[in-house]
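Chemist: You'll find upload-v6.cif just under this line, and it carries mmCIF, C-alpha atoms and all ligand atoms; chains and numbers go by the auth columns.
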data_final
loop_
_atom_site.group_PDB
_atom_site.id
_atom_site.type_symbol
_atom_site.label_atom_id
_atom_site.label_comp_id
_atom_site.label_asym_id
_atom_site.label_seq_id
_atom_site.Cartn_x
_atom_site.Cartn_y
_atom_site.Cartn_z
_atom_site.B_iso_or_equiv
_atom_site.auth_seq_id
_atom_site.auth_asym_id
ATOM 1 C CA MET A 1 0.808 -3.125 -9.770 0.00 1 A
ATOM 2 C CA GLY A 2 -1.838 -4.288 -12.209 0.00 2 A
ATOM 3 C CA CYS A 3 -2.077 -7.938 -11.139 0.00 3 A
ATOM 4 C CA VAL A 4 -5.176 -9.558 -9.678 0.00 4 A
ATOM 5 C CA LEU A 5 -3.969 -9.216 -6.102 0.00 5 A
ATOM 6 C CA CYS A 6 -3.414 -5.477 -6.592 0.00 6 A
ATOM 7 C CA GLU A 7 -7.094 -5.105 -7.458 0.00 7 A
ATOM 8 C CA HIS A 8 -7.870 -5.750 -3.799 0.00 8 A
ATOM 9 C CA CYS A 9 -5.164 -3.518 -2.367 0.00 9 A
ATOM 10 C CA SER A 10 -5.074 0.217 -1.700 0.00 10 A
ATOM 11 C CA ALA A 11 -1.662 0.432 -3.393 0.00 11 A
ATOM 12 C CA LEU A 12 0.258 0.079 -0.152 0.00 12 A
ATOM 13 C CA CYS A 13 3.568 -0.146 -1.997 0.00 13 A
ATOM 14 C CA CYS A 14 3.008 3.264 -3.629 0.00 14 A
ATOM 15 C CA GLN A 15 2.445 5.177 -0.398 0.00 15 A
ATOM 16 C CA TYR A 16 6.023 5.615 0.834 0.00 16 A
ATOM 17 C CA ILE A 17 9.685 5.439 -0.032 0.00 17 A
ATOM 18 C CA ALA A 18 12.393 3.940 2.190 0.00 18 A
ATOM 19 C CA LEU A 19 16.051 4.997 2.021 0.00 19 A
ATOM 20 C CA GLU A 20 18.839 3.106 3.746 0.00 20 A
ATOM 21 C CA ILE A 21 20.760 5.200 6.271 0.00 21 A
ATOM 22 C CA ASP A 22 23.931 4.568 8.249 0.00 22 A
ATOM 23 C CA GLU A 23 23.488 2.579 11.422 0.00 23 A
ATOM 24 C CA PRO A 24 23.788 5.055 14.313 0.00 24 A
ATOM 25 C CA ASP A 25 26.774 4.602 16.581 0.00 25 A
ATOM 26 C CA THR A 26 27.186 7.816 18.531 0.00 26 A
ATOM 27 C CA ALA A 27 24.909 10.119 20.497 0.00 27 A
ATOM 28 C CA ARG A 28 25.144 12.573 17.612 0.00 28 A
ATOM 29 C CA ASP A 29 24.062 9.897 15.111 0.00 29 A
ATOM 30 C CA TYR A 30 20.999 9.116 17.195 0.00 30 A
ATOM 31 C CA ASP A 31 20.268 12.791 17.613 0.00 31 A
ATOM 32 C CA ASP A 32 20.249 13.254 13.843 0.00 32 A
ATOM 33 C CA ILE A 33 17.723 10.428 13.498 0.00 33 A
ATOM 34 C CA ARG A 34 15.680 11.958 16.296 0.00 34 A
ATOM 35 C CA TRP A 35 15.571 15.081 14.165 0.00 35 A
ATOM 36 C CA TYR A 36 14.296 13.114 11.143 0.00 36 A
ATOM 37 C CA LEU A 37 11.415 11.920 13.305 0.00 37 A
ATOM 38 C CA MET A 38 10.504 15.491 14.238 0.00 38 A
ATOM 39 C CA HIS A 39 9.277 15.955 10.677 0.00 39 A
ATOM 40 C CA GLU A 40 5.841 14.993 9.483 0.00 40 A
ATOM 41 C CA ASP A 41 5.296 11.687 7.726 0.00 41 A
ATOM 42 C CA MET A 42 8.680 10.243 8.670 0.00 42 A
ATOM 43 C CA SER A 43 9.448 6.973 10.352 0.00 43 A
ATOM 44 C CA VAL A 44 12.615 4.936 10.801 0.00 44 A
ATOM 45 C CA PHE A 45 12.802 1.183 10.793 0.00 45 A
ATOM 46 C CA VAL A 46 15.452 -1.487 11.191 0.00 46 A
ATOM 47 C CA GLU A 47 15.300 -4.639 9.093 0.00 47 A
ATOM 48 C CA ASP A 48 17.899 -7.407 9.308 0.00 48 A
ATOM 49 C CA GLY A 49 20.151 -4.944 11.116 0.00 49 A
ATOM 50 C CA ASP A 50 19.929 -2.318 8.359 0.00 50 A
ATOM 51 C CA TRP A 51 18.473 1.111 9.153 0.00 51 A
ATOM 52 C CA TYR A 52 16.011 2.901 6.859 0.00 52 A
ATOM 53 C CA LEU A 53 14.356 6.285 6.768 0.00 53 A
ATOM 54 C CA GLN A 54 10.779 5.897 5.563 0.00 54 A
ATOM 55 C CA ILE A 55 8.968 8.854 4.044 0.00 55 A
ATOM 56 C CA ASN A 56 5.275 8.156 4.216 0.00 56 A
ATOM 57 C CA ARG A 57 4.007 10.095 1.232 0.00 57 A
ATOM 58 C CA ARG A 58 2.027 8.681 -1.658 0.00 58 A
ATOM 59 C CA CYS A 59 3.452 8.723 -5.160 0.00 59 A
ATOM 60 C CA LYS A 60 2.243 11.643 -7.262 0.00 60 A
ATOM 61 C CA ASN A 61 1.390 9.213 -10.051 0.00 61 A
ATOM 62 C CA LEU A 62 -1.066 7.230 -7.997 0.00 62 A
ATOM 63 C CA LEU A 63 -4.572 7.775 -9.340 0.00 63 A
ATOM 64 C CA PRO A 64 -7.620 8.181 -7.080 0.00 64 A
ATOM 65 C CA ASP A 65 -8.609 4.578 -7.862 0.00 65 A
ATOM 66 C CA ASN A 66 -5.155 3.421 -6.652 0.00 66 A
ATOM 67 C CA ARG A 67 -3.900 2.554 -10.118 0.00 67 A
ATOM 68 C CA CYS A 68 -0.595 3.765 -11.513 0.00 68 A
ATOM 69 C CA GLY A 69 -1.018 6.799 -13.747 0.00 69 A
ATOM 70 C CA ILE A 70 2.218 6.120 -15.631 0.00 70 A
ATOM 71 C CA TYR A 71 2.063 2.341 -15.770 0.00 71 A
ATOM 72 C CA GLU A 72 3.863 2.052 -19.134 0.00 72 A
ATOM 73 C CA THR A 73 6.746 4.297 -18.030 0.00 73 A
ATOM 74 C CA ARG A 74 6.854 3.527 -14.315 0.00 74 A
ATOM 75 C CA PRO A 75 10.361 3.366 -12.765 0.00 75 A
ATOM 76 C CA GLU A 76 12.380 0.165 -12.651 0.00 76 A
ATOM 77 C CA ILE A 77 11.977 -0.154 -8.906 0.00 77 A
ATOM 78 C CA CYS A 78 8.205 -0.379 -9.429 0.00 78 A
ATOM 79 C CA ARG A 79 8.635 -2.973 -12.188 0.00 79 A
ATOM 80 C CA GLU A 80 10.891 -5.103 -10.025 0.00 80 A
ATOM 81 C CA TYR A 81 8.445 -5.110 -7.108 0.00 81 A
ATOM 82 C CA THR A 82 6.201 -8.170 -7.171 0.00 82 A
ATOM 83 C CA THR A 83 3.178 -9.298 -5.208 0.00 83 A
ATOM 84 C CA GLU A 84 5.252 -12.098 -3.750 0.00 84 A
ATOM 85 C CA ASP A 85 5.779 -11.076 -0.132 0.00 85 A
ATOM 86 C CA CYS A 86 4.681 -7.508 -0.934 0.00 86 A
ATOM 87 C CA ASP A 87 3.263 -4.999 1.552 0.00 87 A
ATOM 88 C CA TYR A 88 -0.241 -6.397 1.097 0.00 88 A
ATOM 89 C CA HIS A 89 0.504 -10.063 0.584 0.00 89 A
ATOM 90 C CA GLY A 90 3.350 -10.359 3.055 0.00 90 A
ATOM 91 C CA GLY A 91 1.208 -9.817 6.159 0.00 91 A
ATOM 92 C CA PRO A 92 2.360 -7.755 9.145 0.00 92 A
ATOM 93 C CA TYR A 93 5.819 -6.340 8.574 0.00 93 A
ATOM 94 C CA ASP A 94 8.536 -8.018 10.582 0.00 94 A
ATOM 95 C CA TYR A 95 10.610 -5.048 11.676 0.00 95 A
ATOM 96 C CA ASP A 96 13.534 -5.453 14.033 0.00 96 A
ATOM 97 C CA HIS A 97 12.532 -2.001 15.290 0.00 97 A
ATOM 98 C CA LEU A 98 10.117 0.697 14.200 0.00 98 A
ATOM 99 C CA PHE A 99 10.320 4.312 15.386 0.00 99 A
ATOM 100 C CA LYS A 100 7.537 6.774 14.683 0.00 100 A
ATOM 101 C CA GLU A 101 8.146 9.338 17.399 0.00 101 A
ATOM 102 C CA PRO A 102 11.353 11.014 18.649 0.00 102 A
ATOM 103 C CA ALA A 103 10.698 9.701 22.175 0.00 103 A
ATOM 104 C CA GLU A 104 10.755 6.090 20.930 0.00 104 A
ATOM 105 C CA LEU A 105 14.143 6.652 19.350 0.00 105 A
ATOM 106 C CA GLU A 106 15.430 8.461 22.450 0.00 106 A
ATOM 107 C CA ALA A 107 14.583 5.502 24.663 0.00 107 A
ATOM 108 C CA PHE A 108 16.260 3.078 22.257 0.00 108 A
ATOM 109 C CA ALA A 109 19.336 5.319 21.925 0.00 109 A
ATOM 110 C CA ALA A 110 19.751 5.660 25.680 0.00 110 A
ATOM 111 C CA GLU A 111 19.782 1.890 26.082 0.00 111 A
ATOM 112 C CA ALA A 112 22.045 1.285 23.062 0.00 112 A
ATOM 113 C CA LEU A 113 24.562 3.897 24.217 0.00 113 A
ATOM 114 C CA ARG A 114 24.477 2.536 27.756 0.00 114 A
ATOM 115 C CA LYS A 115 25.289 -0.957 26.438 0.00 115 A
ATOM 116 C CA LYS A 116 28.040 0.438 24.239 0.00 116 A
ATOM 117 C CA LYS A 117 29.586 2.197 27.217 0.00 117 A
ATOM 118 C CA ALA A 118 29.320 -0.984 29.286 0.00 118 A
ATOM 119 C CA ARG A 119 31.141 -2.968 26.581 0.00 119 A
ATOM 120 C CA LYS A 120 33.855 -0.325 26.422 0.00 120 A
ATOM 121 C CA HIS A 121 34.434 -0.355 30.152 0.00 121 A
ATOM 122 C CA GLY A 122 33.806 -4.066 30.456 0.00 122 A
ATOM 123 C CA ASN A 123 32.268 -3.573 33.857 0.00 123 A
ATOM 124 C CA GLY A 124 28.676 -2.636 33.282 0.00 124 A
ATOM 125 C CA GLY A 125 29.527 0.963 32.513 0.00 125 A
ATOM 126 C CA VAL A 126 30.409 1.819 36.116 0.00 126 A
ATOM 127 C CA LYS A 127 33.477 4.018 36.380 0.00 127 A
ATOM 128 C CA LYS A 128 36.077 2.706 38.820 0.00 128 A
ATOM 129 C CA LYS A 129 37.213 6.126 39.996 0.00 129 A
ATOM 130 C CA SER A 130 34.907 8.444 41.845 0.00 130 A
ATOM 131 C CA SER A 131 34.256 11.810 40.338 0.00 131 A
ATOM 132 C CA LYS A 132 34.124 15.287 41.824 0.00 132 A
ATOM 133 C CA ARG A 133 32.127 14.157 44.803 0.00 133 A
ATOM 134 C CA GLY A 134 34.413 14.601 47.783 0.00 134 A
ATOM 135 C CA ALA A 135 36.805 16.919 45.994 0.00 135 A
ATOM 136 C CA LYS A 136 37.700 20.040 47.916 0.00 136 A
ATOM 137 C CA LEU A 137 36.080 23.272 46.901 0.00 137 A
ATOM 138 C CA ARG A 138 38.468 25.956 45.832 0.00 138 A
ATOM 139 C CA ARG A 139 37.685 29.481 46.799 0.00 139 A
ATOM 140 C CA ALA A 140 38.447 32.374 44.600 0.00 140 A
ATOM 141 C CA SER A 141 40.942 34.540 46.348 0.00 141 A
HETATM 142 S S1 LIG B . 1.258 -3.801 -2.043 0.00 201 A
HETATM 143 FE FE1 LIG B . 1.206 -5.690 -3.257 0.00 201 A
HETATM 144 S S2 LIG B . -0.943 -6.000 -3.768 0.00 201 A
HETATM 145 FE FE2 LIG B . -0.714 -3.873 -3.097 0.00 201 A
HETATM 146 S S3 LIG B . -0.419 -2.722 -4.993 0.00 201 A
HETATM 147 FE FE3 LIG B . 1.611 -3.226 -4.165 0.00 201 A
HETATM 148 S S4 LIG B . 2.185 -5.130 -5.203 0.00 201 A
HETATM 149 FE FE4 LIG B . -0.037 -4.871 -5.471 0.00 201 A
HETATM 150 S S1 LIG B . 5.125 5.157 -10.370 0.00 202 A
HETATM 151 FE FE1 LIG B . 3.216 3.994 -10.331 0.00 202 A
HETATM 152 S S2 LIG B . 3.785 1.958 -9.569 0.00 202 A
HETATM 153 FE FE2 LIG B . 5.446 3.363 -9.070 0.00 202 A
HETATM 154 S S3 LIG B . 5.023 4.104 -7.007 0.00 202 A
HETATM 155 FE FE3 LIG B . 4.126 5.571 -8.436 0.00 202 A
HETATM 156 S S4 LIG B . 2.015 4.925 -8.718 0.00 202 A
HETATM 157 FE FE4 LIG B . 3.139 3.196 -7.799 0.00 202 A
#
Represent the structure of the file as structure tokens.
Ligand code: SF4
Ligand code: SF4
Modeler:
Amino acid sequence: MGCVLCEHCSALCCQYIALEIDEPDTARDYDDIRWYLMHEDMSVFVEDGDWYLQINRRCKNLLPDNRCGIYETRPEICREYTTEDCDYHGGPYDYDHLFKEPAELEAFAAEALRKKKARKHGNGGVKKKSSKRGAKLRRAS
């Protein structure tokens, strides 16, 4: 922050943090991410195949005029961030996927797990043997 471009921006890059998380693989993994999304100000996005938890909270050091209140001692990650392709300059973000609500993740998970099952069975996920349908009922004696 502090460059000319930043003068025109509402400090978009200081309004969240994003932490890389493991790519979900199982129903339990997806359920954990669904739980993240049940909390306020959370979103999850996928970029270049990598999954991130985004916490949409502004930095405590951001001043009301959107300038950094600790500019001289700001963290390295803030120093390394440049206006080149930044949140303001880079235009609309090109997510692979963006999840803001648990239901969005649920729908994605159902499809991903269905495809995984289909790959495992190699036949579209359809079991070759029939299940309990047609099995005889046993009576308790
Ligand atoms: S998003 Fe870009 S323009 Fe806005 S404050 Fe951050 S670096 Fe500056
Ligand atoms: S420390 Fe300063 S530059 Fe870094 S996120 Fe906070 S307000 Fe922005």
Chemist: Could you tell me which of A:Ala118, A:Leu19, A:Leu62, A:Cys13 comes closest to ligand LIG 201 (chain A) if we count only C-alpha atoms and all ligand atoms?
Modeler: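 Among the listed residues, the smallest separation from ligand LIG 201 (chain A) belongs to A:Cys13.
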Chemist: Could the residues of chain A that have an atom at most 12 Å from ligand LIG 201 (chain A) be listed as a tab-separated table, each with its closest atom pair and the distance in Å to one decimal, counting all atoms listed in the file and ordered by chain and ascending residue number?
Modeler:
residue	atom	partner	partner_atom	distance
A:Met1	CA	A:LIG201	FE4	4.7
A:Gly2	CA	A:LIG201	FE4	7.0
A:Cys3	CA	A:LIG201	FE4	6.8
A:Val4	CA	A:LIG201	S2	8.1
A:Leu5	CA	A:LIG201	S2	5.0
A:Cys6	CA	A:LIG201	FE4	3.6
A:Glu7	CA	A:LIG201	S2	7.2
A:His8	CA	A:LIG201	S2	6.9
A:Cys9	CA	A:LIG201	FE2	4.5
A:Ser10	CA	A:LIG201	FE2	6.1
A:Ala11	CA	A:LIG201	S3	3.7
A:Leu12	CA	A:LIG201	S1	4.4
A:Cys13	CA	A:LIG201	FE3	4.2
A:Cys14	CA	A:LIG201	FE3	6.7
A:Gln15	CA	A:LIG201	S1	9.2
A:Tyr16	CA	A:LIG201	S1	10.9
A:Leu62	CA	A:LIG201	S3	10.4
A:Asp65	CA	A:LIG201	S3	11.3
A:Asn66	CA	A:LIG201	S3	7.9
A:Arg67	CA	A:LIG201	S3	8.1
A:Cys68	CA	A:LIG201	S3	9.2
A:Ile77	CA	A:LIG201	S4	11.6
A:Cys78	CA	A:LIG201	S4	8.8
A:Arg79	CA	A:LIG201	S4	9.7
A:Glu80	CA	A:LIG201	S4	10.0
A:Tyr81	CA	A:LIG201	S4	6.5
A:Thr82	CA	A:LIG201	S4	5.4
A:Thr83	CA	A:LIG201	S4	4.3
A:Glu84	CA	A:LIG201	FE1	7.6
A:Asp85	CA	A:LIG201	FE1	7.7
A:Cys86	CA	A:LIG201	FE1	4.6
A:Asp87	CA	A:LIG201	S1	4.3
A:Tyr88	CA	A:LIG201	S1	4.3
A:His89	CA	A:LIG201	FE1	5.9
A:Gly90	CA	A:LIG201	FE1	8.1
A:Gly91	CA	A:LIG201	S1	10.2
A:Pro92	CA	A:LIG201	S1	11.9
A:Tyr93	CA	A:LIG201	S1	11.8
Chemist: Looking at all atoms listed in the file, which of A:Leu113, A:Leu63, A:Ile21, A:Val44 is the one that sits closest to ligand LIG 202 (chain A)?
Modeler: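 Using all atoms listed in the file, the shortest distance to ligand LIG 202 (chain A) belongs to A:Leu63.
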Chemist: Taking only C-alpha atoms and all ligand atoms into account, which of A:Tyr30, A:Tyr71, A:Trp35, A:Phe45 comes nearest ligand LIG 202 (chain A)?
Modeler: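 Closest residue, counting only C-alpha atoms and all ligand atoms: A:Tyr71.
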Chemist: Neighbouring residues of His39 of chain A were defined as those with any atom within 12 Å, considering only C-alpha atoms; residues of the same chain fewer than 2 positions away were excluded. Please report them as a short mmCIF file (atom, residue, chain, number, x, y, z; two decimals) with C-alpha atoms, keeping the file's coordinate frame.
Modeler:
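result-v6.cif, freshly written:
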data_model
loop_
_atom_site.label_atom_id
_atom_site.label_comp_id
_atom_site.auth_asym_id
_atom_site.auth_seq_id
_atom_site.Cartn_x
_atom_site.Cartn_y
_atom_site.Cartn_z
CA ASP A 32 20.25 13.25 13.84
CA ILE A 33 17.72 10.43 13.50
CA ARG A 34 15.68 11.96 16.30
CA TRP A 35 15.57 15.08 14.16
CA TYR A 36 14.30 13.11 11.14
CA LEU A 37 11.42 11.92 13.30
CA ASP A 41 5.30 11.69 7.73
CA MET A 42 8.68 10.24 8.67
CA SER A 43 9.45 6.97 10.35
CA VAL A 44 12.62 4.94 10.80
CA LEU A 53 14.36 6.28 6.77
CA GLN A 54 10.78 5.90 5.56
CA ILE A 55 8.97 8.85 4.04
CA ASN A 56 5.28 8.16 4.22
CA LYS A 100 7.54 6.77 14.68
CA GLU A 101 8.15 9.34 17.40
CA PRO A 102 11.35 11.01 18.65
#
Chemist: How far is it from atom CA of Lys115 of chain A to atom CA of Pro24 of chain A, in Å with one decimal?
Modeler: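 Taking atom CA of Lys115 of chain A and atom CA of Pro24 of chain A, their separation equals 13.6 Å.
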Chemist: Around all the atoms of ligand LIG 202 (chain A) listed in the file, draw an axis-aligned box and extend it by 5 Å on each of the six sides; I want its centre and edge lengths in Å to one decimal, as AutoDock Vina command-line options.
Modeler:
--center_x 3.7 --center_y 3.8 --center_z -8.7 --size_x 13.4 --size_y 13.6 --size_z 13.4
Chemist: My list of candidates is A:Gly49, A:Pro75, A:Gly122, A:Pro64. Which is closest to ligand LIG 202 (chain A) when distances are computed with only C-alpha atoms and all ligand atoms?
Modeler: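 Nearest to ligand LIG 202 (chain A): A:Pro75.
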Chemist: Quick check, in Å to one decimal: how far apart do atom CA of Phe99 of chain A and atom CA of Lys116 of chain A lie?
Modeler: 20.2 Å
Chemist: List the neighbours of Asp96 of chain A out to 7 Å using all atoms listed in the file; skip same-chain residues closer than 6 positions along the sequence, and give me the result as an MDAnalysis selection string.
Modeler: chainID A and resid 46:48
Chemist: Using only C-alpha atoms and all ligand atoms, which residue out of A:Arg119, A:Arg57, A:Arg74, A:Arg28 lies closest to ligand LIG 202 (chain A)?
Modeler: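 Closest candidate: A:Arg74.
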Chemist: Could you work out how far atom FE3 of ligand LIG 202 (chain A) lies from atom CA of Gly69 of chain A, giving the answer in Å with one decimal?
Modeler: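 Those two atoms sit 7.5 Å apart.
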Chemist: Between A:Thr26, A:Ile70, A:Arg58, A:Tyr95, which one has atoms that come closest to Ala110 of chain A, using all atoms listed in the file?
Modeler: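 Looking only at the distances to Ala110 of chain A, the closest residue turns out to be A:Thr26.
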Chemist: Could you give me segment 32-50 of chain A completed to N, CA and C atoms, formatted as a PDB file, in the coordinates of the input?
Modeler:
ATOM      1  N   ASP A  32      20.641  12.921  15.221  1.00  0.00           N
ATOM      2  CA  ASP A  32      20.249  13.254  13.843  1.00  0.00           C
ATOM      3  C   ASP A  32      18.971  12.497  13.455  1.00  0.00           C
ATOM      4  N   ILE A  33      18.910  11.229  13.838  1.00  0.00           N
ATOM      5  CA  ILE A  33      17.723  10.428  13.498  1.00  0.00           C
ATOM      6  C   ILE A  33      16.514  10.930  14.282  1.00  0.00           C
ATOM      7  N   ARG A  34      16.757  11.359  15.506  1.00  0.00           N
ATOM      8  CA  ARG A  34      15.680  11.958  16.296  1.00  0.00           C
ATOM      9  C   ARG A  34      15.117  13.168  15.562  1.00  0.00           C
ATOM     10  N   TRP A  35      15.991  13.898  14.937  1.00  0.00           N
ATOM     11  CA  TRP A  35      15.571  15.081  14.165  1.00  0.00           C
ATOM     12  C   TRP A  35      14.721  14.666  12.952  1.00  0.00           C
ATOM     13  N   TYR A  36      15.125  13.588  12.270  1.00  0.00           N
ATOM     14  CA  TYR A  36      14.296  13.114  11.143  1.00  0.00           C
ATOM     15  C   TYR A  36      12.864  12.902  11.618  1.00  0.00           C
ATOM     16  N   LEU A  37      12.737  12.295  12.799  1.00  0.00           N
ATOM     17  CA  LEU A  37      11.415  11.920  13.305  1.00  0.00           C
ATOM     18  C   LEU A  37      10.603  13.114  13.797  1.00  0.00           C
ATOM     19  N   MET A  38      11.244  14.286  13.866  1.00  0.00           N
ATOM     20  CA  MET A  38      10.504  15.491  14.238  1.00  0.00           C
ATOM     21  C   MET A  38       9.728  16.041  13.051  1.00  0.00           C
ATOM     22  N   HIS A  39       9.972  15.495  11.881  1.00  0.00           N
ATOM     23  CA  HIS A  39       9.277  15.955  10.677  1.00  0.00           C
ATOM     24  C   HIS A  39       8.045  15.088  10.401  1.00  0.00           C
ATOM     25  N   GLU A  40       7.081  15.715   9.789  1.00  0.00           N
ATOM     26  CA  GLU A  40       5.841  14.993   9.483  1.00  0.00           C
ATOM     27  C   GLU A  40       6.093  13.854   8.508  1.00  0.00           C
ATOM     28  N   ASP A  41       5.334  12.809   8.673  1.00  0.00           N
ATOM     29  CA  ASP A  41       5.296  11.687   7.726  1.00  0.00           C
ATOM     30  C   ASP A  41       6.616  10.915   7.620  1.00  0.00           C
ATOM     31  N   MET A  42       7.419  10.989   8.662  1.00  0.00           N
ATOM     32  CA  MET A  42       8.680  10.243   8.670  1.00  0.00           C
ATOM     33  C   MET A  42       8.615   9.115   9.688  1.00  0.00           C
ATOM     34  N   SER A  43       9.220   8.018   9.367  1.00  0.00           N
ATOM     35  CA  SER A  43       9.448   6.973  10.352  1.00  0.00           C
ATOM     36  C   SER A  43      10.804   6.340  10.033  1.00  0.00           C
ATOM     37  N   VAL A  44      11.331   5.615  10.969  1.00  0.00           N
ATOM     38  CA  VAL A  44      12.615   4.936  10.801  1.00  0.00           C
ATOM     39  C   VAL A  44      12.416   3.495  11.223  1.00  0.00           C
ATOM     40  N   PHE A  45      12.912   2.581  10.399  1.00  0.00           N
ATOM     41  CA  PHE A  45      12.802   1.183  10.793  1.00  0.00           C
ATOM     42  C   PHE A  45      14.124   0.468  10.589  1.00  0.00           C
ATOM     43  N   VAL A  46      14.257  -0.650  11.294  1.00  0.00           N
ATOM     44  CA  VAL A  46      15.452  -1.487  11.191  1.00  0.00           C
ATOM     45  C   VAL A  46      14.995  -2.862  10.713  1.00  0.00           C
ATOM     46  N   GLU A  47      15.647  -3.334   9.667  1.00  0.00           N
ATOM     47  CA  GLU A  47      15.300  -4.639   9.093  1.00  0.00           C
ATOM     48  C   GLU A  47      16.594  -5.407   8.848  1.00  0.00           C
ATOM     49  N   ASP A  48      16.688  -6.592   9.428  1.00  0.00           N
ATOM     50  CA  ASP A  48      17.899  -7.407   9.308  1.00  0.00           C
ATOM     51  C   ASP A  48      19.147  -6.611   9.677  1.00  0.00           C
ATOM     52  N   GLY A  49      19.000  -5.719  10.651  1.00  0.00           N
ATOM     53  CA  GLY A  49      20.151  -4.944  11.116  1.00  0.00           C
ATOM     54  C   GLY A  49      20.424  -3.684  10.308  1.00  0.00           C
ATOM     55  N   ASP A  50      19.725  -3.515   9.186  1.00  0.00           N
ATOM     56  CA  ASP A  50      19.929  -2.318   8.359  1.00  0.00           C
ATOM     57  C   ASP A  50      18.894  -1.261   8.719  1.00  0.00           C
TER      58      ASP A  50
END
